[in-house]
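Structure file target-v1.cif; described as mmCIF, C-alpha atoms.
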data_structure
#
loop_
_atom_site.label_atom_id
_atom_site.label_comp_id
_atom_site.auth_asym_id
_atom_site.auth_seq_id
_atom_site.Cartn_x
_atom_site.Cartn_y
_atom_site.Cartn_z
CA MET A 1 4.92 16.17 16.64
CA LYS A 2 1.85 15.21 18.63
CA THR A 3 2.42 13.25 21.82
CA ILE A 4 1.41 9.61 21.45
CA LYS A 5 -0.70 8.37 24.36
CA PHE A 6 0.00 4.63 24.43
CA ASN A 7 1.80 3.12 27.42
CA PHE A 8 4.93 2.04 25.58
CA ASN A 9 6.73 0.73 28.66
CA ASN A 10 3.90 -1.71 29.28
CA LEU A 11 3.87 -2.73 25.62
CA LYS A 12 7.60 -3.47 25.72
CA GLU A 13 7.22 -5.53 28.89
CA LYS A 14 4.38 -7.50 27.37
CA TYR A 15 5.56 -7.99 23.76
CA LYS A 16 9.32 -7.07 23.72
CA THR A 17 10.97 -4.80 21.18
CA PRO A 18 11.24 -4.19 18.31
CA LEU A 19 7.46 -3.98 18.11
CA TYR A 20 5.07 -2.91 15.38
CA ILE A 21 2.14 -0.96 16.86
CA TYR A 22 -1.04 0.08 15.05
CA ASP A 23 -3.71 2.55 16.12
CA GLU A 24 -6.88 0.80 14.98
CA ASN A 25 -9.07 3.86 15.49
CA LYS A 26 -6.81 5.87 13.20
CA ILE A 27 -7.03 3.19 10.51
CA ILE A 28 -10.81 3.31 10.68
CA ASN A 29 -10.78 7.13 10.60
CA ASN A 30 -8.60 7.02 7.48
CA ILE A 31 -10.98 4.56 5.85
CA ASN A 32 -13.96 6.77 6.67
CA MET A 33 -12.19 9.78 5.17
CA PHE A 34 -11.98 7.94 1.84
CA LYS A 35 -15.54 6.59 2.09
CA ASN A 36 -16.99 10.00 2.93
CA ASN A 37 -15.18 11.93 0.20
CA PHE A 38 -14.79 9.57 -2.73
CA LYS A 39 -18.47 9.26 -3.54
CA HIS A 40 -21.02 10.74 -5.91
CA GLU A 41 -24.81 10.69 -6.19
CA LYS A 42 -24.79 9.64 -9.84
CA ILE A 43 -21.78 7.37 -10.21
CA ASN A 44 -20.73 4.31 -8.23
CA THR A 45 -17.41 4.32 -6.41
CA LYS A 46 -15.28 1.52 -5.03
CA ILE A 47 -12.44 1.91 -2.52
CA ILE A 48 -10.03 -1.00 -2.87
CA TYR A 49 -7.49 -1.39 -0.08
CA ALA A 50 -4.03 -2.11 -1.52
CA SER A 51 -3.07 -4.93 0.80
CA LYS A 52 0.62 -4.98 -0.12
CA ALA A 53 1.00 -1.97 2.20
CA PHE A 54 0.10 -4.15 5.19
CA LEU A 55 -1.88 -7.37 5.37
CA THR A 56 -2.63 -9.81 8.15
CA LYS A 57 -5.77 -11.81 8.83
CA TYR A 58 -6.82 -9.18 11.36
CA MET A 59 -6.30 -6.37 8.86
CA ALA A 60 -8.40 -8.27 6.32
CA LYS A 61 -11.09 -8.52 8.99
CA ILE A 62 -11.09 -4.73 9.43
CA ILE A 63 -11.32 -4.16 5.68
CA LYS A 64 -14.23 -6.60 5.55
CA GLU A 65 -16.06 -4.91 8.44
CA GLU A 66 -15.56 -1.47 6.87
CA GLU A 67 -17.00 -2.80 3.57
CA LEU A 68 -14.02 -1.98 1.38
CA TYR A 69 -12.75 -4.08 -1.50
CA LEU A 70 -9.32 -5.73 -1.36
CA ASP A 71 -6.42 -5.65 -3.82
CA CYS A 72 -4.19 -8.75 -3.72
CA VAL A 73 -1.03 -9.18 -5.81
CA SER A 74 0.04 -12.75 -5.01
CA SER A 75 -1.12 -16.20 -4.00
CA GLY A 76 0.00 -15.40 -0.46
CA GLU A 77 -2.08 -12.25 -0.14
CA LEU A 78 -5.02 -14.04 -1.74
CA TYR A 79 -4.71 -16.98 0.66
CA THR A 80 -4.44 -14.66 3.66
CA ALA A 81 -7.61 -12.82 2.65
CA ILE A 82 -9.58 -16.01 2.01
CA SER A 83 -8.33 -17.52 5.30
CA ALA A 84 -9.66 -14.43 7.10
CA GLY A 85 -13.11 -15.02 5.62
CA PHE A 86 -12.92 -12.15 3.15
CA ASP A 87 -15.57 -12.30 0.41
CA PRO A 88 -13.69 -13.35 -2.77
CA SER A 89 -16.20 -11.47 -4.93
CA LYS A 90 -14.78 -8.24 -3.41
CA ILE A 91 -11.18 -9.13 -4.21
CA PHE A 92 -9.20 -7.65 -7.10
CA LEU A 93 -6.33 -9.91 -8.18
CA HIS A 94 -3.52 -7.59 -9.27
CA GLY A 95 0.20 -7.90 -9.79
CA ASN A 96 2.49 -8.26 -12.76
CA ASN A 97 3.98 -11.54 -13.97
CA LYS A 98 1.02 -13.68 -12.89
CA THR A 99 1.42 -17.40 -13.39
CA LYS A 100 -1.16 -19.66 -14.94
CA GLU A 101 -1.50 -21.29 -11.52
CA GLU A 102 -2.35 -17.92 -9.92
CA LEU A 103 -4.99 -17.24 -12.54
CA LYS A 104 -6.45 -20.69 -11.93
CA GLU A 105 -6.50 -19.93 -8.20
CA ALA A 106 -8.54 -16.82 -8.98
CA PHE A 107 -11.01 -19.02 -10.83
CA ASN A 108 -11.11 -21.59 -8.03
CA TYR A 109 -11.74 -18.91 -5.40
CA LYS A 110 -14.13 -17.09 -7.76
CA VAL A 111 -12.30 -13.80 -7.27
CA GLY A 112 -14.48 -10.87 -8.26
CA THR A 113 -12.10 -9.04 -10.59
CA ILE A 114 -8.84 -9.98 -12.32
CA VAL A 115 -6.62 -7.08 -13.40
CA LEU A 116 -4.42 -8.22 -16.28
CA ASP A 117 -1.02 -6.57 -16.32
CA ASN A 118 0.05 -7.37 -19.87
CA LEU A 119 -1.01 -8.96 -23.13
CA TYR A 120 0.50 -12.35 -22.32
CA GLU A 121 -1.68 -12.56 -19.22
CA ALA A 122 -4.66 -11.72 -21.41
CA SER A 123 -3.89 -14.65 -23.70
CA MET A 124 -3.46 -16.99 -20.71
CA LEU A 125 -6.75 -15.86 -19.21
CA LEU A 126 -8.70 -16.40 -22.41
CA ASN A 127 -7.44 -19.99 -22.52
CA ILE A 128 -8.82 -20.76 -19.06
CA LYS A 129 -12.44 -21.76 -19.27
CA ASP A 130 -14.82 -22.27 -16.37
CA LYS A 131 -18.51 -22.62 -17.07
CA GLY A 132 -19.38 -21.83 -13.46
CA TYR A 133 -17.42 -18.60 -13.22
CA LYS A 134 -17.34 -15.49 -15.37
CA PRO A 135 -14.89 -13.02 -13.81
CA ASN A 136 -14.83 -9.29 -14.18
CA VAL A 137 -11.62 -8.37 -15.99
CA MET A 138 -9.63 -5.16 -16.34
CA LEU A 139 -6.42 -4.40 -18.24
CA ARG A 140 -3.66 -2.26 -16.75
CA VAL A 141 -2.45 0.41 -19.15
CA ASN A 142 0.65 2.57 -19.01
CA LEU A 143 0.15 6.19 -20.04
CA SER A 144 3.87 7.03 -19.63
CA PHE A 145 2.68 9.55 -17.07
CA GLN A 146 5.63 11.16 -15.26
CA VAL A 147 5.41 11.98 -11.55
CA ASP A 148 7.78 13.36 -8.94
CA THR A 149 8.58 10.43 -6.64
CA HIS A 150 11.42 7.98 -6.03
CA LYS A 151 12.44 6.07 -9.17
CA TYR A 152 11.74 2.71 -7.51
CA ILE A 153 8.08 3.59 -6.94
CA LYS A 154 7.35 5.22 -10.28
CA THR A 155 5.14 2.85 -12.25
CA SER A 156 4.04 4.83 -15.30
CA TYR A 157 6.90 5.52 -17.69
CA GLU A 158 7.65 4.16 -21.14
CA ASP A 159 9.78 1.19 -20.05
CA SER A 160 7.90 0.33 -16.85
CA LYS A 161 7.51 -3.32 -15.90
CA PHE A 162 3.83 -2.56 -15.22
CA GLY A 163 0.97 -2.26 -17.69
CA VAL A 164 0.84 -1.95 -21.46
CA LEU A 165 1.38 1.07 -23.68
CA ILE A 166 -1.51 2.22 -25.82
CA ASN A 167 -0.74 1.06 -29.35
CA ASP A 168 -2.42 -0.95 -32.12
CA GLU A 169 -1.59 -4.30 -30.49
CA THR A 170 -3.07 -3.22 -27.15
CA ILE A 171 -6.20 -1.83 -28.77
CA ASN A 172 -6.72 -5.11 -30.65
CA VAL A 173 -6.49 -7.01 -27.35
CA ILE A 174 -8.93 -4.57 -25.71
CA LYS A 175 -11.39 -5.26 -28.53
CA GLU A 176 -10.84 -9.01 -28.18
CA LEU A 177 -11.44 -8.89 -24.43
CA SER A 178 -14.56 -6.78 -24.97
CA ASN A 179 -16.01 -9.31 -27.38
CA ASP A 180 -15.20 -12.47 -25.41
CA ASN A 181 -18.34 -13.89 -23.81
CA THR A 182 -16.49 -16.03 -21.23
CA ILE A 183 -15.47 -12.95 -19.20
CA ASN A 184 -16.91 -9.56 -18.28
CA PHE A 185 -14.34 -7.07 -19.55
CA ILE A 186 -15.30 -3.95 -17.63
CA GLY A 187 -12.50 -1.44 -18.12
CA LEU A 188 -8.94 -0.26 -17.67
CA HIS A 189 -6.64 0.25 -14.70
CA SER A 190 -3.85 2.81 -14.44
CA HIS A 191 -1.51 3.55 -11.55
CA ILE A 192 1.11 6.30 -11.79
CA GLY A 193 3.32 5.63 -8.75
CA SER A 194 3.50 5.68 -4.96
CA GLN A 195 3.97 8.32 -2.26
CA ILE A 196 2.76 11.13 -4.54
CA THR A 197 2.08 14.37 -2.67
CA ASP A 198 1.32 16.77 -5.55
CA THR A 199 -2.44 16.47 -6.01
CA ASN A 200 -2.30 17.90 -9.54
CA TYR A 201 -0.87 14.60 -10.75
CA PHE A 202 -4.01 12.74 -9.69
CA ILE A 203 -6.37 15.18 -11.42
CA ASN A 204 -4.31 15.25 -14.64
CA HIS A 205 -4.09 11.46 -14.62
CA THR A 206 -7.87 11.25 -14.25
CA LYS A 207 -8.35 13.56 -17.23
CA GLU A 208 -5.93 11.54 -19.38
CA MET A 209 -7.77 8.31 -18.61
CA MET A 210 -11.10 9.88 -19.50
CA LYS A 211 -9.62 11.06 -22.82
CA LEU A 212 -8.48 7.50 -23.48
CA TYR A 213 -11.99 6.16 -22.83
CA LYS A 214 -13.40 8.76 -25.22
CA MET A 215 -10.92 7.73 -27.93
CA LEU A 216 -11.78 4.05 -27.52
CA LYS A 217 -15.49 4.81 -27.79
CA ASP A 218 -15.32 7.25 -30.68
CA LYS A 219 -12.72 5.47 -32.79
CA TYR A 220 -13.23 1.78 -31.97
CA ASN A 221 -16.77 1.61 -30.55
CA VAL A 222 -15.44 0.16 -27.27
CA ASN A 223 -17.70 1.22 -24.39
CA LEU A 224 -16.10 0.56 -21.04
CA LYS A 225 -18.15 0.68 -17.85
CA ALA A 226 -15.50 0.85 -15.14
CA LEU A 227 -12.36 2.91 -14.50
CA ASN A 228 -9.68 2.11 -11.91
CA LEU A 229 -7.42 5.09 -11.16
CA GLY A 230 -5.03 3.20 -8.90
CA GLY A 231 -3.53 4.62 -5.72
CA GLY A 232 -0.27 6.29 -4.80
CA PHE A 233 -1.71 8.74 -2.27
CA GLY A 234 1.26 9.97 -0.21
CA ILE A 235 1.39 10.72 3.50
CA LYS A 236 3.30 13.16 5.71
CA TYR A 237 6.33 11.31 7.03
CA LEU A 238 7.95 14.45 8.42
CA GLU A 239 6.54 17.64 9.89
CA THR A 240 8.19 19.46 6.98
CA ASP A 241 6.35 17.37 4.35
CA PRO A 242 3.46 19.12 2.57
CA PHE A 243 -0.07 18.82 3.91
CA ILE A 244 -2.38 17.01 1.50
CA ASP A 245 -6.07 17.86 1.61
CA TYR A 246 -7.37 14.46 0.52
CA SER A 247 -11.00 15.34 1.18
CA LYS A 248 -10.69 18.04 -1.48
CA LEU A 249 -8.66 15.86 -3.85
CA LEU A 250 -11.06 12.90 -3.68
CA ASN A 251 -14.03 15.15 -4.36
CA ASN A 252 -12.21 16.69 -7.32
CA MET A 253 -11.29 13.30 -8.74
CA ILE A 254 -14.79 11.85 -8.69
CA ASN A 255 -16.37 15.11 -9.90
CA THR A 256 -13.88 15.23 -12.77
CA CYS A 257 -14.86 11.69 -13.71
CA TYR A 258 -18.56 12.46 -13.57
CA ASN A 259 -18.32 15.70 -15.54
CA LEU A 260 -16.15 14.22 -18.30
CA ASN A 261 -18.27 11.08 -18.40
CA LYS A 262 -21.19 13.31 -19.23
CA GLU A 263 -19.28 15.66 -21.56
CA TYR A 264 -17.75 12.81 -23.56
CA ASN A 265 -21.00 10.83 -23.63
CA LEU A 266 -19.34 7.83 -22.03
CA ASN A 267 -20.92 4.91 -20.18
CA ILE A 268 -18.76 4.69 -17.06
CA GLU A 269 -20.75 3.36 -14.13
CA ASP A 270 -17.99 2.54 -11.59
CA VAL A 271 -14.87 4.50 -10.61
CA MET A 272 -12.29 2.88 -8.34
CA ILE A 273 -9.22 3.90 -6.35
CA GLU A 274 -6.68 1.82 -4.44
CA PRO A 275 -5.39 3.51 -1.27
CA GLY A 276 -2.95 1.49 0.82
CA ARG A 277 -0.25 3.57 2.49
CA SER A 278 -2.75 6.39 3.09
CA ILE A 279 -4.92 4.05 5.17
CA VAL A 280 -2.27 2.43 7.36
CA GLY A 281 0.90 4.53 7.04
CA ASN A 282 0.24 7.17 9.69
CA ALA A 283 -1.51 4.64 11.95
CA GLY A 284 1.65 2.62 12.52
CA TYR A 285 4.65 3.00 14.84
CA THR A 286 7.76 0.95 15.55
CA LEU A 287 9.07 0.76 19.10
CA TYR A 288 12.75 0.07 19.72
CA THR A 289 15.03 -0.14 22.74
CA ILE A 290 18.28 1.83 22.60
CA ASN A 291 20.98 -0.79 23.21
CA GLN A 292 24.16 1.23 22.81
CA ILE A 293 25.33 4.79 22.19
CA LYS A 294 28.52 5.35 20.20
CA LYS A 295 30.35 8.59 19.48
CA THR A 296 32.69 8.87 16.48
CA PRO A 297 34.57 12.01 15.43
CA ASN A 298 31.58 13.29 13.46
CA THR A 299 28.57 11.23 14.53
CA ASN A 300 26.52 10.30 17.59
CA TYR A 301 25.09 6.84 16.98
CA LEU A 302 22.00 5.42 18.65
CA PHE A 303 22.08 1.64 18.22
CA VAL A 304 18.59 0.15 18.55
CA ASP A 305 17.49 -3.46 18.77
CA GLY A 306 15.84 -3.32 15.35
CA SER A 307 17.35 -3.03 11.89
CA MET A 308 16.76 -2.73 8.16
CA ASN A 309 15.07 -6.13 8.60
CA ASP A 310 12.03 -4.42 10.10
CA ASN A 311 12.36 -1.16 8.11
CA LEU A 312 13.79 -1.74 4.66
CA ARG A 313 12.41 1.50 3.22
CA VAL A 314 15.34 3.64 4.34
CA ALA A 315 17.88 1.44 2.53
CA LEU A 316 15.56 0.90 -0.44
CA TYR A 317 14.11 4.37 -0.98
CA GLU A 318 16.17 6.67 1.24
CA ALA A 319 12.94 7.18 3.20
CA LYS A 320 12.97 9.66 6.08
CA TYR A 321 11.24 9.36 9.46
CA ASP A 322 10.55 11.30 12.63
CA ALA A 323 11.01 9.73 16.05
CA LEU A 324 10.79 10.52 19.74
CA ILE A 325 12.29 9.16 22.93
CA VAL A 326 9.49 7.85 25.12
CA ASP A 327 8.94 9.92 28.29
CA LYS A 328 11.25 12.63 26.97
CA GLU A 329 8.82 14.19 24.50
CA ASN A 330 8.86 17.55 26.29
CA GLU A 331 12.60 17.74 26.90
CA PRO A 332 14.72 20.04 24.69
CA LYS A 333 16.17 18.43 21.56
CA LYS A 334 19.87 19.15 21.91
CA VAL A 335 21.75 16.27 20.28
CA ASN A 336 21.99 15.19 16.64
CA TYR A 337 21.86 11.41 16.32
CA LYS A 338 22.14 8.80 13.61
CA VAL A 339 19.90 5.82 14.39
CA ALA A 340 21.44 2.51 13.33
CA GLY A 341 20.38 -1.10 13.63
CA LYS A 342 21.75 -4.57 14.31
CA ALA A 343 22.14 -5.83 10.73
CA CYS A 344 25.72 -6.37 9.59
CA GLU A 345 25.48 -3.71 6.87
CA SER A 346 26.82 -0.16 6.68
CA GLY A 347 23.51 0.74 5.07
CA ASP A 348 21.53 -0.38 8.11
CA ILE A 349 20.58 3.18 9.08
CA LEU A 350 17.01 3.79 10.22
CA ILE A 351 17.26 7.57 10.55
CA GLU A 352 20.19 9.42 8.98
CA ASN A 353 20.01 12.55 11.12
CA ILE A 354 17.59 13.53 13.86
CA LYS A 355 17.75 15.96 16.76
CA LEU A 356 16.55 14.42 20.03
CA PRO A 357 16.88 14.94 23.77
CA LYS A 358 19.99 13.37 25.29
CA ALA A 359 19.47 9.61 25.07
CA ASN A 360 20.42 6.89 27.52
CA ILE A 361 20.84 3.16 27.13
CA ASN A 362 17.50 1.33 27.62
CA ASP A 363 15.49 4.37 26.57
CA LEU A 364 12.63 3.55 24.20
CA LEU A 365 12.73 5.09 20.72
CA LEU A 366 9.42 5.40 18.86
CA VAL A 367 9.59 5.84 15.09
CA ILE A 368 6.48 7.47 13.63
CA ASN A 369 4.45 6.66 10.49
CA THR A 370 5.75 3.13 9.95
CA GLY A 371 2.41 1.49 9.18
CA ALA A 372 2.99 0.86 5.47
CA TYR A 373 5.55 -1.46 3.90
CA HIS A 374 7.41 -2.24 7.13
CA TYR A 375 5.90 -5.51 8.29
CA SER A 376 5.20 -6.35 4.63
CA MET A 377 8.90 -6.10 3.74
CA ALA A 378 10.32 -7.57 6.96
CA SER A 379 12.95 -10.30 6.56
CA ASN A 380 15.21 -12.64 8.50
CA TYR A 381 18.48 -11.27 7.15
CA ASN A 382 21.29 -12.13 9.60
CA ARG A 383 18.71 -14.51 11.04
CA LEU A 384 17.14 -11.68 12.98
CA LEU A 385 13.58 -12.16 14.21
CA ILE A 386 10.55 -10.40 12.74
CA PRO A 387 8.75 -8.36 15.45
CA ALA A 388 5.27 -8.91 16.77
CA VAL A 389 2.36 -6.79 15.55
CA VAL A 390 0.00 -5.25 18.10
CA PHE A 391 -3.21 -3.31 17.44
CA ILE A 392 -4.53 -0.82 19.97
CA LYS A 393 -8.16 0.25 20.07
CA ASP A 394 -9.76 2.29 22.84
CA ASN A 395 -6.62 1.81 24.98
CA LYS A 396 -6.79 -1.99 24.74
CA ASP A 397 -3.97 -3.86 23.02
CA LYS A 398 -4.44 -6.97 20.89
CA LEU A 399 -1.70 -9.26 19.57
CA VAL A 400 -2.26 -9.62 15.83
CA VAL A 401 0.99 -11.37 14.82
CA ARG A 402 3.17 -13.07 17.41
CA ARG A 403 6.88 -12.35 17.55
CA GLN A 404 9.03 -14.87 15.72
CA THR A 405 11.03 -17.33 17.78
CA LEU A 406 14.42 -18.90 17.14
CA LYS A 407 12.61 -22.17 16.43
CA ASP A 408 10.68 -20.40 13.67
CA LEU A 409 13.98 -19.60 11.95
CA ILE A 410 14.87 -23.28 11.46
CA LYS A 411 11.33 -24.50 10.93
CA TYR A 412 11.91 -25.26 7.24
CA ASP A 413 15.56 -26.31 7.46
CA MET A 414 16.14 -29.95 6.44
#
Can the structure in the file be given as structure tokens, please?
Amino acid sequence: MKTIKFNFNNLKEKYKTPLYIYDENKIINNINMFKNNFKHEKINTKIIYASKAFLTKYMAKIIKEEELYLDCVSSGELYTAISAGFDPSKIFLHGNNKTKEELKEAFNYKVGTIVLDNLYEASMLLNIKDKGYKPNVMLRVNLSFQVDTHKYIKTSYEDSKFGVLINDETINVIKELSNDNTINFIGLHSHIGSQITDTNYFINHTKEMMKLYKMLKDKYNVNLKALNLGGGFGIKYLETDPFIDYSKLLNNMINTCYNLNKEYNLNIEDVMIEPGRSIVGNAGYTLYTINQIKKTPNTNYLFVDGSMNDNLRVALYEAKYDALIVDKENEPKKVNYKVAGKACESGDILIENIKLPKANINDLLLVINTGAYHYSMASNYNRLLIPAVVFIKDNKDKLVVRRQTLKDLIKYDM
């Protein structure tokens, strides 16, 4: 594990712990990796940041400055982006189970693209008319494409809550959308799951989508101009996780699209992907203070001042993390610990088993690669406070989200 160079003692003194910390330079480097490798001379590409991984007004500002598009899945994400001054024409409204009110919000904001998740949403959309706005529209399809990832983050299987299977009913709706002159129906979206580390899945998924476009053109004379291949690009959470050469993968994906577009005589002009975790995941850290140390017959517990409230992924997905004790990075790792939090739950375990140097009360524990889905999923269970969020760029720290206060907890109580 590489030594992290922030002054964590100063950060604790200034912002308290637990504390979410982001390396802004690393976020920008990750964005540039996608921009530099997912491109082609003869086909347009769009990189759409999946904001559910992590979104604040400041993060929306970075995405705007780096000229990416933005994927929003709720009124809240949409409102955050608009409040940050993000160009609505570069927003993709996603999400399943959209309400009529959310679709109307998309019209009011003049969101650039609406991604319909099912056929009911398609019928709702076609009943909303706005002479001053003609949105781009895509339909999410489900190829029943199996991948090796946790069952809660698989999204492409026969009974998935997401997308529509390809059958006669779906094809009839695709034709109806294509022929409706109140919208611009541009293409299909498909997403196969999250935290996928086998790059073959992405290439095979790309090929299957191109075959689908060929079938629609040859059999039904439906010529689609845009293809959205979703996201799901995994990251290395542990040193033992496989290395993923995303520069090679991204080149292969777009070249596969271009070559099959030409071979199948298709008319695809735009190809899109939706990275989220792979942009912010390895740029984020969570800093805790060790409050207590407890020894049971079989376990050495480190009790930290955080909990499953600020990292739900372990309880939800059995996610695994690396960590270090600040200022003890070079000391020998001699003790096996279980890192537990303050929530009144047996399942409030942040790291099941990790070997660290001998810990002391008041040591700082830094958990690595917590940039995605931590702040986004944070809660007030047990009426615990949600930590502050700090960005660091060129050794200067900036408060992006203030730490909750006890008054915040009762703000909406009547």
Point to revise | Result set of the PyMOL selection byres ((chain A and resi 281) around 9) on the coordinates above, as a PyMOL selection string | key: chain A and resi 27+53-54+235+237+276-280+282-285+369-373
Save out the residues we just selected, C-alpha atoms, as an mmCIF file, in the frame of the given file.
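The new file again.cif reads:
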data_model
loop_
_atom_site.group_PDB
_atom_site.id
_atom_site.type_symbol
_atom_site.label_atom_id
_atom_site.label_comp_id
_atom_site.auth_asym_id
_atom_site.auth_seq_id
_atom_site.Cartn_x
_atom_site.Cartn_y
_atom_site.Cartn_z
ATOM 1 C CA ILE A 27 -7.030 3.190 10.510
ATOM 2 C CA ALA A 53 1.000 -1.970 2.200
ATOM 3 C CA PHE A 54 0.100 -4.150 5.190
ATOM 4 C CA ILE A 235 1.390 10.720 3.500
ATOM 5 C CA TYR A 237 6.330 11.310 7.030
ATOM 6 C CA GLY A 276 -2.950 1.490 0.820
ATOM 7 C CA ARG A 277 -0.250 3.570 2.490
ATOM 8 C CA SER A 278 -2.750 6.390 3.090
ATOM 9 C CA ILE A 279 -4.920 4.050 5.170
ATOM 10 C CA VAL A 280 -2.270 2.430 7.360
ATOM 11 C CA ASN A 282 0.240 7.170 9.690
ATOM 12 C CA ALA A 283 -1.510 4.640 11.950
ATOM 13 C CA GLY A 284 1.650 2.620 12.520
ATOM 14 C CA TYR A 285 4.650 3.000 14.840
ATOM 15 C CA ASN A 369 4.450 6.660 10.490
ATOM 16 C CA THR A 370 5.750 3.130 9.950
ATOM 17 C CA GLY A 371 2.410 1.490 9.180
ATOM 18 C CA ALA A 372 2.990 0.860 5.470
ATOM 19 C CA TYR A 373 5.550 -1.460 3.900
#
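Near segment 409-411 of chain A, within a cut-off of 9 Å and counting only C-alpha atoms, sit the residues Asn380, Arg383, Leu384 and Leu385 of chain A, with same-chain residues fewer than 6 positions away left out.
The space separating atom CA of Thr240 of chain A from atom CA of Leu316 of chain A comes to 21.3 Å.
Here the question is which of A:Asn118, A:Asn336, A:Thr182, A:Asn37 gets nearest to Ala359 of chain A using only C-alpha atoms, and that residue is A:Asn336.
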Point to revise | Selection: 9 Å around Asn330 of chain A, only C-alpha atoms, excl. self and same-chain fewer than 2 positions, as number ranges by chain | key: A: 3, 327-328, 332-333, 357
Practice item. Just say which residues the PyMOL selection byres ((chain A and resi 354) around 12) picks in this file, as a PyMOL selection string. Key: chain A and resi 238+299-302+320-325+333-340+349-353+355-358+365+367
Exercise for review: Quick one: everything within 9 Å of segment 386-388 of chain A, counting all atoms listed in the file, minus sequence neighbours fewer than 5 positions away in the same chain. Send it as a PyMOL selection string.
Suggested key: chain A and resi 15-21+306+309-310+375+378-380+399-405
